[in-house]
>>> print(open('final.pdb').read())   # PDB, C-alpha atoms and all ligand atoms
ATOM      1  CA  MET E 166     -12.510 -64.490 -41.965
ATOM      2  CA  GLU E 167     -13.444 -65.769 -38.552
ATOM      3  CA  LYS E 168     -14.214 -69.478 -38.444
ATOM      4  CA  SER E 169     -16.989 -71.279 -36.636
ATOM      5  CA  GLU E 170     -16.918 -74.983 -35.813
ATOM      6  CA  TRP E 171     -19.517 -76.608 -38.069
ATOM      7  CA  ILE E 172     -20.868 -76.164 -41.591
ATOM      8  CA  TRP E 173     -24.051 -77.844 -42.812
ATOM      9  CA  MET E 174     -23.510 -79.644 -46.150
ATOM     10  CA  ASP E 175     -26.367 -81.524 -47.799
ATOM     11  CA  GLY E 176     -27.843 -82.674 -44.522
ATOM     12  CA  GLU E 177     -24.616 -83.373 -42.595
ATOM     13  CA  PHE E 178     -22.767 -81.271 -40.046
ATOM     14  CA  VAL E 179     -19.148 -81.120 -41.250
ATOM     15  CA  ALA E 180     -16.130 -79.604 -39.443
ATOM     16  CA  TRP E 181     -15.291 -76.136 -40.888
ATOM     17  CA  ASP E 182     -11.933 -77.199 -42.375
ATOM     18  CA  ASP E 183     -13.403 -80.323 -43.958
ATOM     19  CA  ALA E 184     -16.215 -78.504 -45.786
ATOM     20  CA  GLN E 185     -14.701 -78.913 -49.287
ATOM     21  CA  VAL E 186     -15.998 -79.330 -52.835
ATOM     22  CA  HIS E 187     -14.439 -80.814 -55.995
ATOM     23  CA  VAL E 188     -12.508 -78.379 -58.234
ATOM     24  CA  LEU E 189     -14.695 -79.449 -61.160
ATOM     25  CA  SER E 190     -17.866 -78.318 -59.405
ATOM     26  CA  HIS E 191     -20.107 -76.688 -62.015
ATOM     27  CA  GLY E 192     -20.763 -73.575 -59.929
ATOM     28  CA  LEU E 193     -17.049 -72.793 -59.666
ATOM     29  CA  HIS E 194     -16.695 -72.733 -63.465
ATOM     30  CA  TYR E 195     -19.936 -71.100 -64.547
ATOM     31  CA  GLY E 196     -21.224 -69.220 -61.470
ATOM     32  CA  THR E 197     -24.265 -71.470 -61.259
ATOM     33  CA  GLY E 198     -25.177 -70.846 -57.646
ATOM     34  CA  VAL E 199     -27.760 -68.879 -55.714
ATOM     35  CA  PHE E 200     -27.188 -67.654 -52.198
ATOM     36  CA  GLU E 201     -28.451 -65.528 -49.352
ATOM     37  CA  GLY E 202     -26.957 -63.206 -46.763
ATOM     38  CA  ILE E 203     -28.890 -63.261 -43.510
ATOM     39  CA  ARG E 204     -28.105 -61.984 -40.041
ATOM     40  CA  CYS E 205     -28.826 -63.400 -36.604
ATOM     41  CA  TYR E 206     -28.790 -60.962 -33.676
ATOM     42  CA  GLU E 207     -28.520 -61.452 -29.955
ATOM     43  CA  THR E 208     -31.849 -60.452 -28.438
ATOM     44  CA  GLU E 209     -33.480 -60.835 -25.030
ATOM     45  CA  ALA E 210     -35.474 -63.803 -26.363
ATOM     46  CA  GLY E 211     -32.272 -65.496 -27.615
ATOM     47  CA  PRO E 212     -30.476 -65.502 -30.991
ATOM     48  CA  ALA E 213     -32.974 -64.156 -33.530
ATOM     49  CA  ILE E 214     -32.746 -64.375 -37.330
ATOM     50  CA  PHE E 215     -34.028 -61.302 -39.161
ATOM     51  CA  ARG E 216     -36.792 -62.072 -41.686
ATOM     52  CA  HIS E 217     -35.462 -65.596 -42.068
ATOM     53  CA  LYS E 218     -38.324 -67.096 -44.077
ATOM     54  CA  GLU E 219     -38.336 -64.204 -46.552
ATOM     55  CA  HIS E 220     -34.613 -64.708 -47.182
ATOM     56  CA  LEU E 221     -35.110 -68.454 -47.678
ATOM     57  CA  GLN E 222     -38.057 -67.872 -49.974
ATOM     58  CA  ARG E 223     -35.878 -65.517 -52.035
ATOM     59  CA  LEU E 224     -33.219 -68.266 -52.164
ATOM     60  CA  ARG E 225     -35.826 -70.662 -53.543
ATOM     61  CA  ASN E 226     -37.028 -68.067 -56.031
ATOM     62  CA  SER E 227     -33.468 -67.313 -57.178
ATOM     63  CA  GLY E 228     -32.993 -71.062 -57.695
ATOM     64  CA  GLU E 229     -36.217 -71.288 -59.681
ATOM     65  CA  MET E 230     -35.106 -68.430 -61.940
ATOM     66  CA  TYR E 231     -31.816 -70.190 -62.769
ATOM     67  CA  TYR E 232     -33.138 -73.753 -63.093
ATOM     68  CA  LEU E 233     -31.547 -74.801 -59.799
ATOM     69  CA  PRO E 234     -34.259 -76.720 -57.963
ATOM     70  CA  LEU E 235     -33.468 -76.820 -54.246
ATOM     71  CA  PRO E 236     -33.563 -80.375 -52.904
ATOM     72  CA  TYR E 237     -34.723 -79.091 -49.486
ATOM     73  CA  SER E 238     -37.828 -77.179 -48.459
ATOM     74  CA  VAL E 239     -37.653 -73.712 -46.910
ATOM     75  CA  GLU E 240     -38.652 -75.299 -43.610
ATOM     76  CA  GLU E 241     -35.865 -77.913 -43.803
ATOM     77  CA  ILE E 242     -33.247 -75.220 -44.490
ATOM     78  CA  ARG E 243     -34.714 -73.087 -41.700
ATOM     79  CA  GLU E 244     -34.483 -75.930 -39.181
ATOM     80  CA  ALA E 245     -30.962 -76.867 -40.320
ATOM     81  CA  THR E 246     -29.899 -73.257 -39.789
ATOM     82  CA  HIS E 247     -31.325 -73.219 -36.258
ATOM     83  CA  GLU E 248     -29.465 -76.424 -35.432
ATOM     84  CA  LEU E 249     -26.253 -75.055 -36.972
ATOM     85  CA  ILE E 250     -26.445 -71.912 -34.824
ATOM     86  CA  ARG E 251     -27.062 -74.051 -31.724
ATOM     87  CA  ARG E 252     -24.164 -76.428 -32.503
ATOM     88  CA  ASN E 253     -21.797 -73.540 -33.129
ATOM     89  CA  GLY E 254     -22.891 -71.891 -29.894
ATOM     90  CA  MET E 255     -23.513 -68.594 -31.715
ATOM     91  CA  THR E 256     -25.477 -65.737 -30.221
ATOM     92  CA  SER E 257     -25.130 -63.507 -33.272
ATOM     93  CA  CYS E 258     -23.713 -64.272 -36.732
ATOM     94  CA  TYR E 259     -23.922 -63.817 -40.478
ATOM     95  CA  ILE E 260     -25.672 -66.725 -42.230
ATOM     96  CA  ARG E 261     -24.730 -67.778 -45.761
ATOM     97  CA  PRO E 262     -26.864 -70.484 -47.367
ATOM     98  CA  ILE E 263     -25.796 -71.360 -50.905
ATOM     99  CA  ALA E 264     -27.228 -73.787 -53.450
ATOM    100  CA  PHE E 265     -24.995 -74.537 -56.423
ATOM    101  CA  ARG E 266     -24.619 -77.001 -59.242
ATOM    102  CA  GLY E 267     -21.990 -79.404 -58.020
ATOM    103  CA  TYR E 268     -19.641 -82.016 -59.408
ATOM    104  CA  GLY E 269     -20.608 -84.599 -62.007
ATOM    105  CA  GLU E 270     -21.011 -83.024 -65.423
ATOM    106  CA  MET E 271     -19.398 -80.133 -67.293
ATOM    107  CA  GLY E 272     -20.883 -77.995 -70.038
ATOM    108  CA  LEU E 273     -23.736 -75.540 -69.939
ATOM    109  CA  TYR E 274     -26.635 -77.966 -69.888
ATOM    110  CA  ALA E 275     -25.429 -80.096 -67.001
ATOM    111  CA  LYS E 276     -28.709 -81.401 -65.711
ATOM    112  CA  SER E 277     -27.141 -84.479 -64.155
ATOM    113  CA  ALA E 278     -24.783 -82.476 -61.920
ATOM    114  CA  PRO E 279     -26.392 -82.367 -58.461
ATOM    115  CA  VAL E 280     -27.634 -79.209 -56.734
ATOM    116  CA  ASN E 281     -25.705 -79.055 -53.455
ATOM    117  CA  VAL E 282     -26.848 -76.970 -50.513
ATOM    118  CA  VAL E 283     -24.484 -75.586 -47.889
ATOM    119  CA  ILE E 284     -25.139 -73.348 -44.897
ATOM    120  CA  ALA E 285     -22.311 -71.570 -43.086
ATOM    121  CA  VAL E 286     -22.455 -69.185 -40.126
ATOM    122  CA  TRP E 287     -19.661 -66.981 -38.835
ATOM    123  CA  PRO E 288     -19.165 -63.701 -36.991
ATOM    124  CA  TRP E 289     -19.117 -60.800 -39.492
ATOM    125  CA  GLY E 290     -18.935 -57.202 -38.302
ATOM    126  CA  ALA E 291     -20.368 -54.130 -40.035
ATOM    127  CA  TYR E 292     -19.642 -54.531 -43.773
ATOM    128  CA  LEU E 293     -18.681 -50.904 -44.389
ATOM    129  CA  GLY E 294     -17.268 -50.349 -40.877
ATOM    130  CA  GLU E 295     -18.925 -49.647 -37.533
ATOM    131  CA  GLU E 296     -17.785 -45.997 -37.606
ATOM    132  CA  SER E 297     -19.357 -45.466 -41.050
ATOM    133  CA  LYS E 298     -22.803 -46.223 -39.655
ATOM    134  CA  ARG E 299     -22.438 -43.075 -37.534
ATOM    135  CA  THR E 300     -20.462 -40.775 -39.819
ATOM    136  CA  GLY E 301     -21.414 -41.939 -43.332
ATOM    137  CA  ILE E 302     -19.393 -43.109 -46.312
ATOM    138  CA  ARG E 303     -17.927 -41.656 -49.511
ATOM    139  CA  ALA E 304     -19.364 -43.228 -52.654
ATOM    140  CA  LYS E 305     -18.549 -43.093 -56.349
ATOM    141  CA  VAL E 306     -20.877 -43.681 -59.268
ATOM    142  CA  SER E 307     -19.402 -46.670 -61.045
ATOM    143  CA  SER E 308     -18.399 -46.658 -64.691
ATOM    144  CA  TRP E 309     -19.827 -50.202 -64.746
ATOM    145  CA  ARG E 310     -23.593 -50.366 -65.225
ATOM    146  CA  ARG E 311     -25.753 -52.739 -63.183
ATOM    147  CA  ILE E 312     -26.553 -56.003 -65.017
ATOM    148  CA  SER E 313     -29.519 -55.587 -67.307
ATOM    149  CA  PRO E 314     -32.626 -57.798 -67.300
ATOM    150  CA  ALA E 315     -31.938 -58.169 -71.025
ATOM    151  CA  GLY E 316     -29.106 -60.585 -70.267
ATOM    152  CA  LEU E 317     -29.310 -61.683 -66.643
ATOM    153  CA  ILE E 318     -31.797 -61.564 -63.795
ATOM    154  CA  PRO E 319     -31.122 -58.633 -61.450
ATOM    155  CA  HIS E 320     -33.809 -59.902 -59.054
ATOM    156  CA  ALA E 321     -32.005 -63.174 -58.444
ATOM    157  CA  LYS E 322     -29.207 -63.396 -55.915
ATOM    158  CA  ALA E 323     -26.957 -65.530 -58.091
ATOM    159  CA  SER E 324     -23.245 -66.190 -57.640
ATOM    160  CA  GLY E 325     -22.081 -65.366 -61.179
ATOM    161  CA  GLN E 326     -23.893 -62.034 -61.141
ATOM    162  CA  TYR E 327     -21.601 -60.766 -58.420
ATOM    163  CA  LEU E 328     -18.812 -60.296 -60.981
ATOM    164  CA  ASN E 329     -20.722 -57.122 -61.846
ATOM    165  CA  SER E 330     -20.709 -55.947 -58.209
ATOM    166  CA  ILE E 331     -17.031 -56.888 -57.875
ATOM    167  CA  LEU E 332     -16.040 -54.765 -60.885
ATOM    168  CA  ALA E 333     -17.873 -51.778 -59.426
ATOM    169  CA  LYS E 334     -16.597 -52.294 -55.870
ATOM    170  CA  THR E 335     -12.995 -52.783 -57.010
ATOM    171  CA  GLU E 336     -13.066 -49.661 -59.152
ATOM    172  CA  SER E 337     -14.441 -47.532 -56.311
ATOM    173  CA  ALA E 338     -12.081 -48.981 -53.693
ATOM    174  CA  ASN E 339      -9.043 -48.530 -55.944
ATOM    175  CA  ALA E 340     -10.085 -44.901 -56.440
ATOM    176  CA  GLY E 341     -10.215 -44.409 -52.657
ATOM    177  CA  TYR E 342     -13.993 -44.516 -52.105
ATOM    178  CA  ASP E 343     -15.886 -46.680 -49.623
ATOM    179  CA  GLU E 344     -18.592 -47.910 -51.979
ATOM    180  CA  ALA E 345     -19.826 -47.878 -55.584
ATOM    181  CA  ILE E 346     -23.272 -46.792 -56.780
ATOM    182  CA  LEU E 347     -24.393 -48.478 -59.995
ATOM    183  CA  LEU E 348     -26.661 -46.955 -62.629
ATOM    184  CA  ASP E 349     -28.875 -49.091 -64.848
ATOM    185  CA  GLU E 350     -28.408 -49.340 -68.613
ATOM    186  CA  ARG E 351     -30.598 -46.237 -69.081
ATOM    187  CA  GLY E 352     -28.464 -44.188 -66.698
ATOM    188  CA  PHE E 353     -30.873 -44.184 -63.734
ATOM    189  CA  VAL E 354     -29.668 -44.952 -60.205
ATOM    190  CA  CYS E 355     -29.925 -48.624 -59.181
ATOM    191  CA  GLU E 356     -28.107 -49.531 -55.978
ATOM    192  CA  GLY E 357     -24.779 -50.009 -54.230
ATOM    193  CA  SER E 358     -22.521 -52.994 -54.975
ATOM    194  CA  GLY E 359     -24.262 -54.886 -52.145
ATOM    195  CA  GLU E 360     -26.939 -52.531 -50.817
ATOM    196  CA  ASN E 361     -30.121 -50.781 -51.932
ATOM    197  CA  ILE E 362     -30.262 -46.978 -52.013
ATOM    198  CA  PHE E 363     -32.597 -44.295 -50.688
ATOM    199  CA  ILE E 364     -32.407 -40.547 -51.184
ATOM    200  CA  VAL E 365     -34.336 -37.769 -49.401
ATOM    201  CA  ARG E 366     -35.716 -34.816 -51.373
ATOM    202  CA  ASP E 367     -38.162 -32.255 -49.986
ATOM    203  CA  GLY E 368     -38.460 -34.428 -46.887
ATOM    204  CA  GLU E 369     -39.665 -37.467 -48.888
ATOM    205  CA  LEU E 370     -37.845 -40.758 -49.251
ATOM    206  CA  ILE E 371     -37.244 -41.944 -52.798
ATOM    207  CA  THR E 372     -35.957 -45.358 -53.886
ATOM    208  CA  PRO E 373     -36.002 -47.186 -57.242
ATOM    209  CA  PRO E 374     -39.104 -49.372 -57.708
ATOM    210  CA  HIS E 375     -38.849 -53.080 -56.915
ATOM    211  CA  VAL E 376     -39.128 -53.947 -60.612
ATOM    212  CA  ALA E 377     -36.011 -51.869 -61.424
ATOM    213  CA  ALA E 378     -32.752 -53.736 -62.169
ATOM    214  CA  ILE E 379     -32.090 -54.076 -58.425
ATOM    215  CA  LEU E 380     -32.000 -56.870 -55.934
ATOM    216  CA  ASP E 381     -35.361 -56.438 -54.212
ATOM    217  CA  GLY E 382     -33.744 -56.164 -50.797
ATOM    218  CA  ILE E 383     -35.281 -57.325 -47.572
ATOM    219  CA  SER E 384     -33.645 -54.451 -45.689
ATOM    220  CA  ARG E 385     -35.128 -52.106 -48.324
ATOM    221  CA  LYS E 386     -38.600 -53.522 -47.746
ATOM    222  CA  SER E 387     -38.154 -53.184 -43.979
ATOM    223  CA  VAL E 388     -36.932 -49.583 -44.286
ATOM    224  CA  ILE E 389     -39.937 -48.680 -46.464
ATOM    225  CA  GLN E 390     -42.322 -50.078 -43.852
ATOM    226  CA  ILE E 391     -40.519 -48.415 -40.941
ATOM    227  CA  ALA E 392     -40.438 -45.061 -42.752
ATOM    228  CA  ARG E 393     -44.166 -45.217 -43.557
ATOM    229  CA  ASP E 394     -45.011 -46.288 -39.998
ATOM    230  CA  LEU E 395     -43.061 -43.254 -38.767
ATOM    231  CA  GLY E 396     -45.199 -41.043 -41.005
ATOM    232  CA  TYR E 397     -42.720 -40.355 -43.816
ATOM    233  CA  THR E 398     -43.720 -40.468 -47.462
ATOM    234  CA  VAL E 399     -41.869 -43.097 -49.512
ATOM    235  CA  VAL E 400     -41.952 -42.831 -53.294
ATOM    236  CA  GLU E 401     -40.735 -45.661 -55.540
ATOM    237  CA  ARG E 402     -39.569 -44.136 -58.809
ATOM    238  CA  ASP E 403     -36.564 -43.783 -61.106
ATOM    239  CA  ILE E 404     -33.806 -41.580 -59.679
ATOM    240  CA  ALA E 405     -31.648 -39.467 -62.000
ATOM    241  CA  ARG E 406     -27.897 -39.486 -61.349
ATOM    242  CA  SER E 407     -27.966 -35.711 -60.809
ATOM    243  CA  GLU E 408     -30.452 -36.109 -57.954
ATOM    244  CA  LEU E 409     -27.738 -37.873 -55.954
ATOM    245  CA  TYR E 410     -25.681 -34.687 -55.922
ATOM    246  CA  ILE E 411     -28.428 -32.402 -54.662
ATOM    247  CA  ALA E 412     -30.257 -34.801 -52.330
ATOM    248  CA  GLU E 413     -30.786 -33.685 -48.733
ATOM    249  CA  GLU E 414     -29.829 -37.134 -47.489
ATOM    250  CA  VAL E 415     -28.711 -40.449 -48.998
ATOM    251  CA  PHE E 416     -28.324 -43.839 -47.373
ATOM    252  CA  LEU E 417     -27.673 -47.461 -48.316
ATOM    253  CA  CYS E 418     -29.135 -50.558 -46.683
ATOM    254  CA  GLY E 419     -28.477 -54.273 -46.852
ATOM    255  CA  THR E 420     -28.068 -57.269 -44.589
ATOM    256  CA  ALA E 421     -24.280 -57.140 -44.339
ATOM    257  CA  ALA E 422     -24.039 -53.326 -44.325
ATOM    258  CA  GLU E 423     -27.248 -52.662 -42.292
ATOM    259  CA  LEU E 424     -28.142 -48.946 -42.712
ATOM    260  CA  VAL E 425     -25.260 -46.693 -43.710
ATOM    261  CA  PRO E 426     -25.507 -42.954 -44.424
ATOM    262  CA  VAL E 427     -23.710 -41.575 -47.495
ATOM    263  CA  ARG E 428     -21.881 -38.295 -46.841
ATOM    264  CA  GLU E 429     -20.307 -37.670 -50.250
ATOM    265  CA  ILE E 430     -20.927 -38.862 -53.846
ATOM    266  CA  ASP E 431     -18.481 -38.172 -56.706
ATOM    267  CA  ASP E 432     -16.929 -35.458 -54.506
ATOM    268  CA  HIS E 433     -20.265 -33.647 -54.036
ATOM    269  CA  VAL E 434     -20.790 -33.146 -50.309
ATOM    270  CA  ILE E 435     -24.118 -34.350 -48.945
ATOM    271  CA  GLY E 436     -23.019 -33.805 -45.371
ATOM    272  CA  ASP E 437     -23.332 -35.417 -41.978
ATOM    273  CA  PRO E 438     -26.121 -37.988 -41.599
ATOM    274  CA  GLY E 439     -29.418 -36.071 -41.687
ATOM    275  CA  GLU E 440     -32.348 -36.358 -39.315
ATOM    276  CA  ILE E 441     -34.538 -38.656 -41.421
ATOM    277  CA  THR E 442     -31.632 -41.064 -41.954
ATOM    278  CA  ARG E 443     -30.829 -41.070 -38.236
ATOM    279  CA  VAL E 444     -34.441 -41.609 -37.114
ATOM    280  CA  ILE E 445     -34.979 -44.499 -39.549
ATOM    281  CA  GLN E 446     -31.567 -46.001 -38.796
ATOM    282  CA  ALA E 447     -32.322 -46.020 -35.048
ATOM    283  CA  LYS E 448     -35.671 -47.773 -35.557
ATOM    284  CA  PHE E 449     -34.161 -50.226 -38.043
ATOM    285  CA  GLU E 450     -31.404 -51.105 -35.539
ATOM    286  CA  ASP E 451     -34.066 -51.557 -32.848
ATOM    287  CA  ALA E 452     -35.972 -53.929 -35.132
ATOM    288  CA  LEU E 453     -32.824 -55.955 -35.930
ATOM    289  CA  HIS E 454     -31.854 -56.281 -32.273
ATOM    290  CA  GLY E 455     -35.337 -57.174 -31.025
ATOM    291  CA  ARG E 456     -35.932 -53.831 -29.299
ATOM    292  CA  ALA E 457     -38.965 -52.862 -31.398
ATOM    293  CA  PRO E 458     -42.019 -54.850 -30.248
ATOM    294  CA  GLU E 459     -44.018 -53.648 -33.276
ATOM    295  CA  TYR E 460     -41.626 -55.578 -35.542
ATOM    296  CA  ALA E 461     -41.222 -58.678 -33.343
ATOM    297  CA  GLU E 462     -42.792 -60.815 -36.086
ATOM    298  CA  TRP E 463     -39.721 -60.170 -38.252
ATOM    299  CA  LEU E 464     -37.573 -62.230 -35.877
ATOM    300  CA  ASP E 465     -37.181 -65.995 -36.052
ATOM    301  CA  VAL E 466     -35.925 -66.873 -32.579
ATOM    302  CA  VAL E 467     -33.566 -69.852 -32.280
ATOM    303  CA  GLU E 468     -34.620 -71.995 -29.330
ATOM    304  CA  ILE E 469     -31.658 -72.762 -27.098
ATOM    305  CA  PRO E 470     -32.411 -75.544 -24.615
ATOM    306  CA  SER E 471     -31.744 -74.132 -21.140
ATOM    307  CA  LYS E 472     -28.946 -75.893 -19.305
ATOM    308  CA  VAL E 473     -30.274 -78.389 -16.773
ATOM    309  CA  THR E 474     -29.109 -77.364 -13.333
ATOM    310  CA  THR E 475     -29.279 -79.723 -10.382
TER     311      THR E 475
HETATM  312  N1  LIG Q 501     -28.326 -55.310 -53.645
HETATM  313  C1  LIG Q 501     -27.331 -56.212 -53.797
HETATM  314  C2  LIG Q 501     -26.632 -56.300 -55.104
HETATM  315  C3  LIG Q 501     -26.991 -57.045 -52.711
HETATM  316  O1  LIG Q 501     -26.005 -57.927 -52.879
HETATM  317  C4  LIG Q 501     -27.670 -56.918 -51.486
HETATM  318  C5  LIG Q 501     -27.302 -57.797 -50.328
HETATM  319  C6  LIG Q 501     -28.703 -55.966 -51.384
HETATM  320  C7  LIG Q 501     -29.010 -55.191 -52.479
HETATM  321  C8  LIG Q 501     -29.520 -55.807 -50.130
HETATM  322  O2  LIG Q 501     -30.397 -56.898 -49.954
HETATM  323  P1  LIG Q 501     -30.885 -57.374 -48.503
HETATM  324  O3  LIG Q 501     -29.702 -57.954 -47.821
HETATM  325  O4  LIG Q 501     -31.960 -58.348 -48.794
HETATM  326  O5  LIG Q 501     -31.390 -56.178 -47.793
HETATM  327  N2  LIG Q 501     -25.943 -58.150 -50.260
HETATM  328  C9  LIG Q 501     -25.559 -59.304 -49.456
HETATM  329  C10 LIG Q 501     -24.199 -59.849 -49.844
HETATM  330  C11 LIG Q 501     -23.025 -59.020 -49.513
HETATM  331  C12 LIG Q 501     -21.715 -59.751 -49.790
HETATM  332  O6  LIG Q 501     -20.696 -59.075 -49.946
HETATM  333  O7  LIG Q 501     -21.663 -60.970 -49.815
HETATM  334  C13 LIG Q 501     -25.687 -59.004 -47.971
HETATM  335  O8  LIG Q 501     -25.853 -57.860 -47.585
HETATM  336  O9  LIG Q 501     -25.644 -59.955 -47.188
END
>>> encode(input="final.pdb", output="structure tokens")
Amino acid sequence: MEKSEWIWMDGEFVAWDDAQVHVLSHGLHYGTGVFEGIRCYETEAGPAIFRHKEHLQRLRNSGEMYYLPLPYSVEEIREATHELIRRNGMTSCYIRPIAFRGYGEMGLYAKSAPVNVVIAVWPWGAYLGEESKRTGIRAKVSSWRRISPAGLIPHAKASGQYLNSILAKTESANAGYDEAILLDERGFVCEGSGENIFIVRDGELITPPHVAAILDGISRKSVIQIARDLGYTVVERDIARSELYIAEEVFLCGTAAELVPVREIDDHVIGDPGEITRVIQAKFEDALHGRAPEYAEWLDVVEIPSKVTT
């Protein structure tokens, strides 16, 4: 990975190579952490963080769900992130805040172990490849089912839960595919290993409802709004596996991946990115990069003090 200079750790700015934790940190052993993936884009108004407060609110909510009370407010984490981007001199970057149970007590009920908060920023290119955003990817339905709400909390973005995504991603990559699509325990379509999914049938967009066993993605929510504003119908309902194979269009969306068309699933050809995918992708990209005035409120602009010239 590409380094930046500074990492924010519990209120201090620490040099990248010195940002270390103890090997007996609770989160390392039990996966007790919650995190976010956020992107900052270079825009005409300066570096701008996409839907920053919503991501930080989700971080707080994930923490609440797993009994990890964040020792900082959303506003404190927001301001720390702005300062971190300024100090690192970044114009665009990926932002990874994480809150985890740290060092001090082992065992499952380790209330005295502190909750540490770290924010890192670094340059991270298109998750599934820049080319894939134009041409589309090949996906495989995973033999691993998405975690069930019967045992974990699909709506939380929690560290330990990503073992499920890693099993699915590894299986699909080892089989030569770009991405995995996970079904829920009933056999309905959930999402990619790190992205939400949309299909197009009869010209309508369909995506699993936000109460499904999915991460209720912020890109997903943005895509739904963009699609409706463009006049498309968006239906939130269960999707059968077989619908993937006969859909007119399929795409995935997430912070790291952005919006990526799917051209093939389980060796069924869906084809080149279709018109609806391309129209929504273009508007979504405009919104991310600050080129869509109607979505300007989604951007949290980082103030960069202008250099004093004499
Ligand atoms: N589902 C999952 C399981 C998921 O991890 C993500 C984000 C999404 C849906 C899309 O959510 P949103 O980013 O709010 O639109 N995945 C993050 C982590 C990826 C990683 O490998 O790390 C991301 O995209 O940043």
>>> closest_atom_pairs(input="final.pdb", of="chain E", to="ligand LIG 501 (chain Q)", cutoff="6 Å", atoms="only C-alpha atoms and all ligand atoms", output="tab-separated table")
residue	atom	partner	partner_atom	distance
E:Gly202	CA	Q:LIG501	O9	3.5
E:Ile203	CA	Q:LIG501	O9	5.9
E:Ser358	CA	Q:LIG501	C2	5.3
E:Gly359	CA	Q:LIG501	C3	3.5
E:Glu360	CA	Q:LIG501	C7	3.8
E:Asn361	CA	Q:LIG501	C7	4.6
E:Leu380	CA	Q:LIG501	N1	4.6
E:Gly382	CA	Q:LIG501	O4	3.5
E:Ile383	CA	Q:LIG501	O4	3.7
E:Ser384	CA	Q:LIG501	O5	3.5
E:Arg385	CA	Q:LIG501	O5	5.6
E:Gly419	CA	Q:LIG501	O5	3.6
E:Thr420	CA	Q:LIG501	O3	3.7
E:Ala421	CA	Q:LIG501	O8	3.7
E:Ala422	CA	Q:LIG501	O8	5.9
>>> closest_residue(input="final.pdb", among="E:Phe200, E:Phe215, E:Tyr274, E:Tyr327", to="Tyr232 in chain E", atoms="only C-alpha atoms")
E:Tyr274
>>> closest_residue(input="final.pdb", among="E:Ala184, E:Ala321, E:Ala278, E:Ile430", to="Tyr231 in chain E", atoms="all atoms listed in the file")
E:Ala321
>>> resolve_selection(input="final.pdb", expression="the PyMOL selection byres (((chain E and resi 344) around 10) and not hetatm)", output="PDB file with C-alpha atoms, in the coordinates of the input")
ATOM      1  CA  LEU E 293     -18.681 -50.904 -44.389  1.00  0.00           C
ATOM      2  CA  ILE E 302     -19.393 -43.109 -46.312  1.00  0.00           C
ATOM      3  CA  ARG E 303     -17.927 -41.656 -49.511  1.00  0.00           C
ATOM      4  CA  ALA E 304     -19.364 -43.228 -52.654  1.00  0.00           C
ATOM      5  CA  LYS E 305     -18.549 -43.093 -56.349  1.00  0.00           C
ATOM      6  CA  VAL E 306     -20.877 -43.681 -59.268  1.00  0.00           C
ATOM      7  CA  SER E 307     -19.402 -46.670 -61.045  1.00  0.00           C
ATOM      8  CA  ALA E 333     -17.873 -51.778 -59.426  1.00  0.00           C
ATOM      9  CA  LYS E 334     -16.597 -52.294 -55.870  1.00  0.00           C
ATOM     10  CA  THR E 335     -12.995 -52.783 -57.010  1.00  0.00           C
ATOM     11  CA  GLU E 336     -13.066 -49.661 -59.152  1.00  0.00           C
ATOM     12  CA  SER E 337     -14.441 -47.532 -56.311  1.00  0.00           C
ATOM     13  CA  ALA E 338     -12.081 -48.981 -53.693  1.00  0.00           C
ATOM     14  CA  GLY E 341     -10.215 -44.409 -52.657  1.00  0.00           C
ATOM     15  CA  TYR E 342     -13.993 -44.516 -52.105  1.00  0.00           C
ATOM     16  CA  ASP E 343     -15.886 -46.680 -49.623  1.00  0.00           C
ATOM     17  CA  ALA E 345     -19.826 -47.878 -55.584  1.00  0.00           C
ATOM     18  CA  ILE E 346     -23.272 -46.792 -56.780  1.00  0.00           C
ATOM     19  CA  LEU E 347     -24.393 -48.478 -59.995  1.00  0.00           C
ATOM     20  CA  GLY E 357     -24.779 -50.009 -54.230  1.00  0.00           C
ATOM     21  CA  SER E 358     -22.521 -52.994 -54.975  1.00  0.00           C
ATOM     22  CA  GLY E 359     -24.262 -54.886 -52.145  1.00  0.00           C
ATOM     23  CA  GLU E 360     -26.939 -52.531 -50.817  1.00  0.00           C
ATOM     24  CA  LEU E 417     -27.673 -47.461 -48.316  1.00  0.00           C
ATOM     25  CA  VAL E 427     -23.710 -41.575 -47.495  1.00  0.00           C
ATOM     26  CA  ILE E 430     -20.927 -38.862 -53.846  1.00  0.00           C
TER      27      ILE E 430
END
>>> residues_around(input="final.pdb", residues="range 393-401 of chain E", least_positions_apart="2", cutoff="7 Å", atoms="all atoms listed in the file", output="ChimeraX atom specification")
/E:369-374,389-391
>>> resolve_selection(input="final.pdb", expression="the PyMOL selection byres (((chain E and resi 186-198) around 10) and not hetatm)", output="VMD selection string")
chain E and resid 183 to 185 199 to 200 227 to 228 231 to 233 263 to 273 275 278 to 282 322 to 328
>>> closest_residue(input="final.pdb", among="E:Ser297, E:Asn329, E:Asn226, E:Thr246", to="Trp309 in chain E", atoms="only C-alpha atoms")
E:Asn329
>>> closest_residue(input="final.pdb", among="E:Ser308, E:Thr442, E:Ser330, E:Thr208", to="Ser257 in chain E", atoms="all atoms listed in the file")
E:Thr208
>>> atom_distance(input="final.pdb", atom1="CA of Cys258 in chain E", atom2="CA of Pro288 in chain E")
4.6 Å
>>> atom_distance(input="final.pdb", atom1="CA of Asp349 in chain E", atom2="CA of Ile364 in chain E")
16.5 Å
>>> closest_residue(input="final.pdb", among="E:Trp173, E:Arg299, E:Trp289, E:Glu240", to="Tyr206 in chain E", atoms="only C-alpha atoms")
E:Trp289
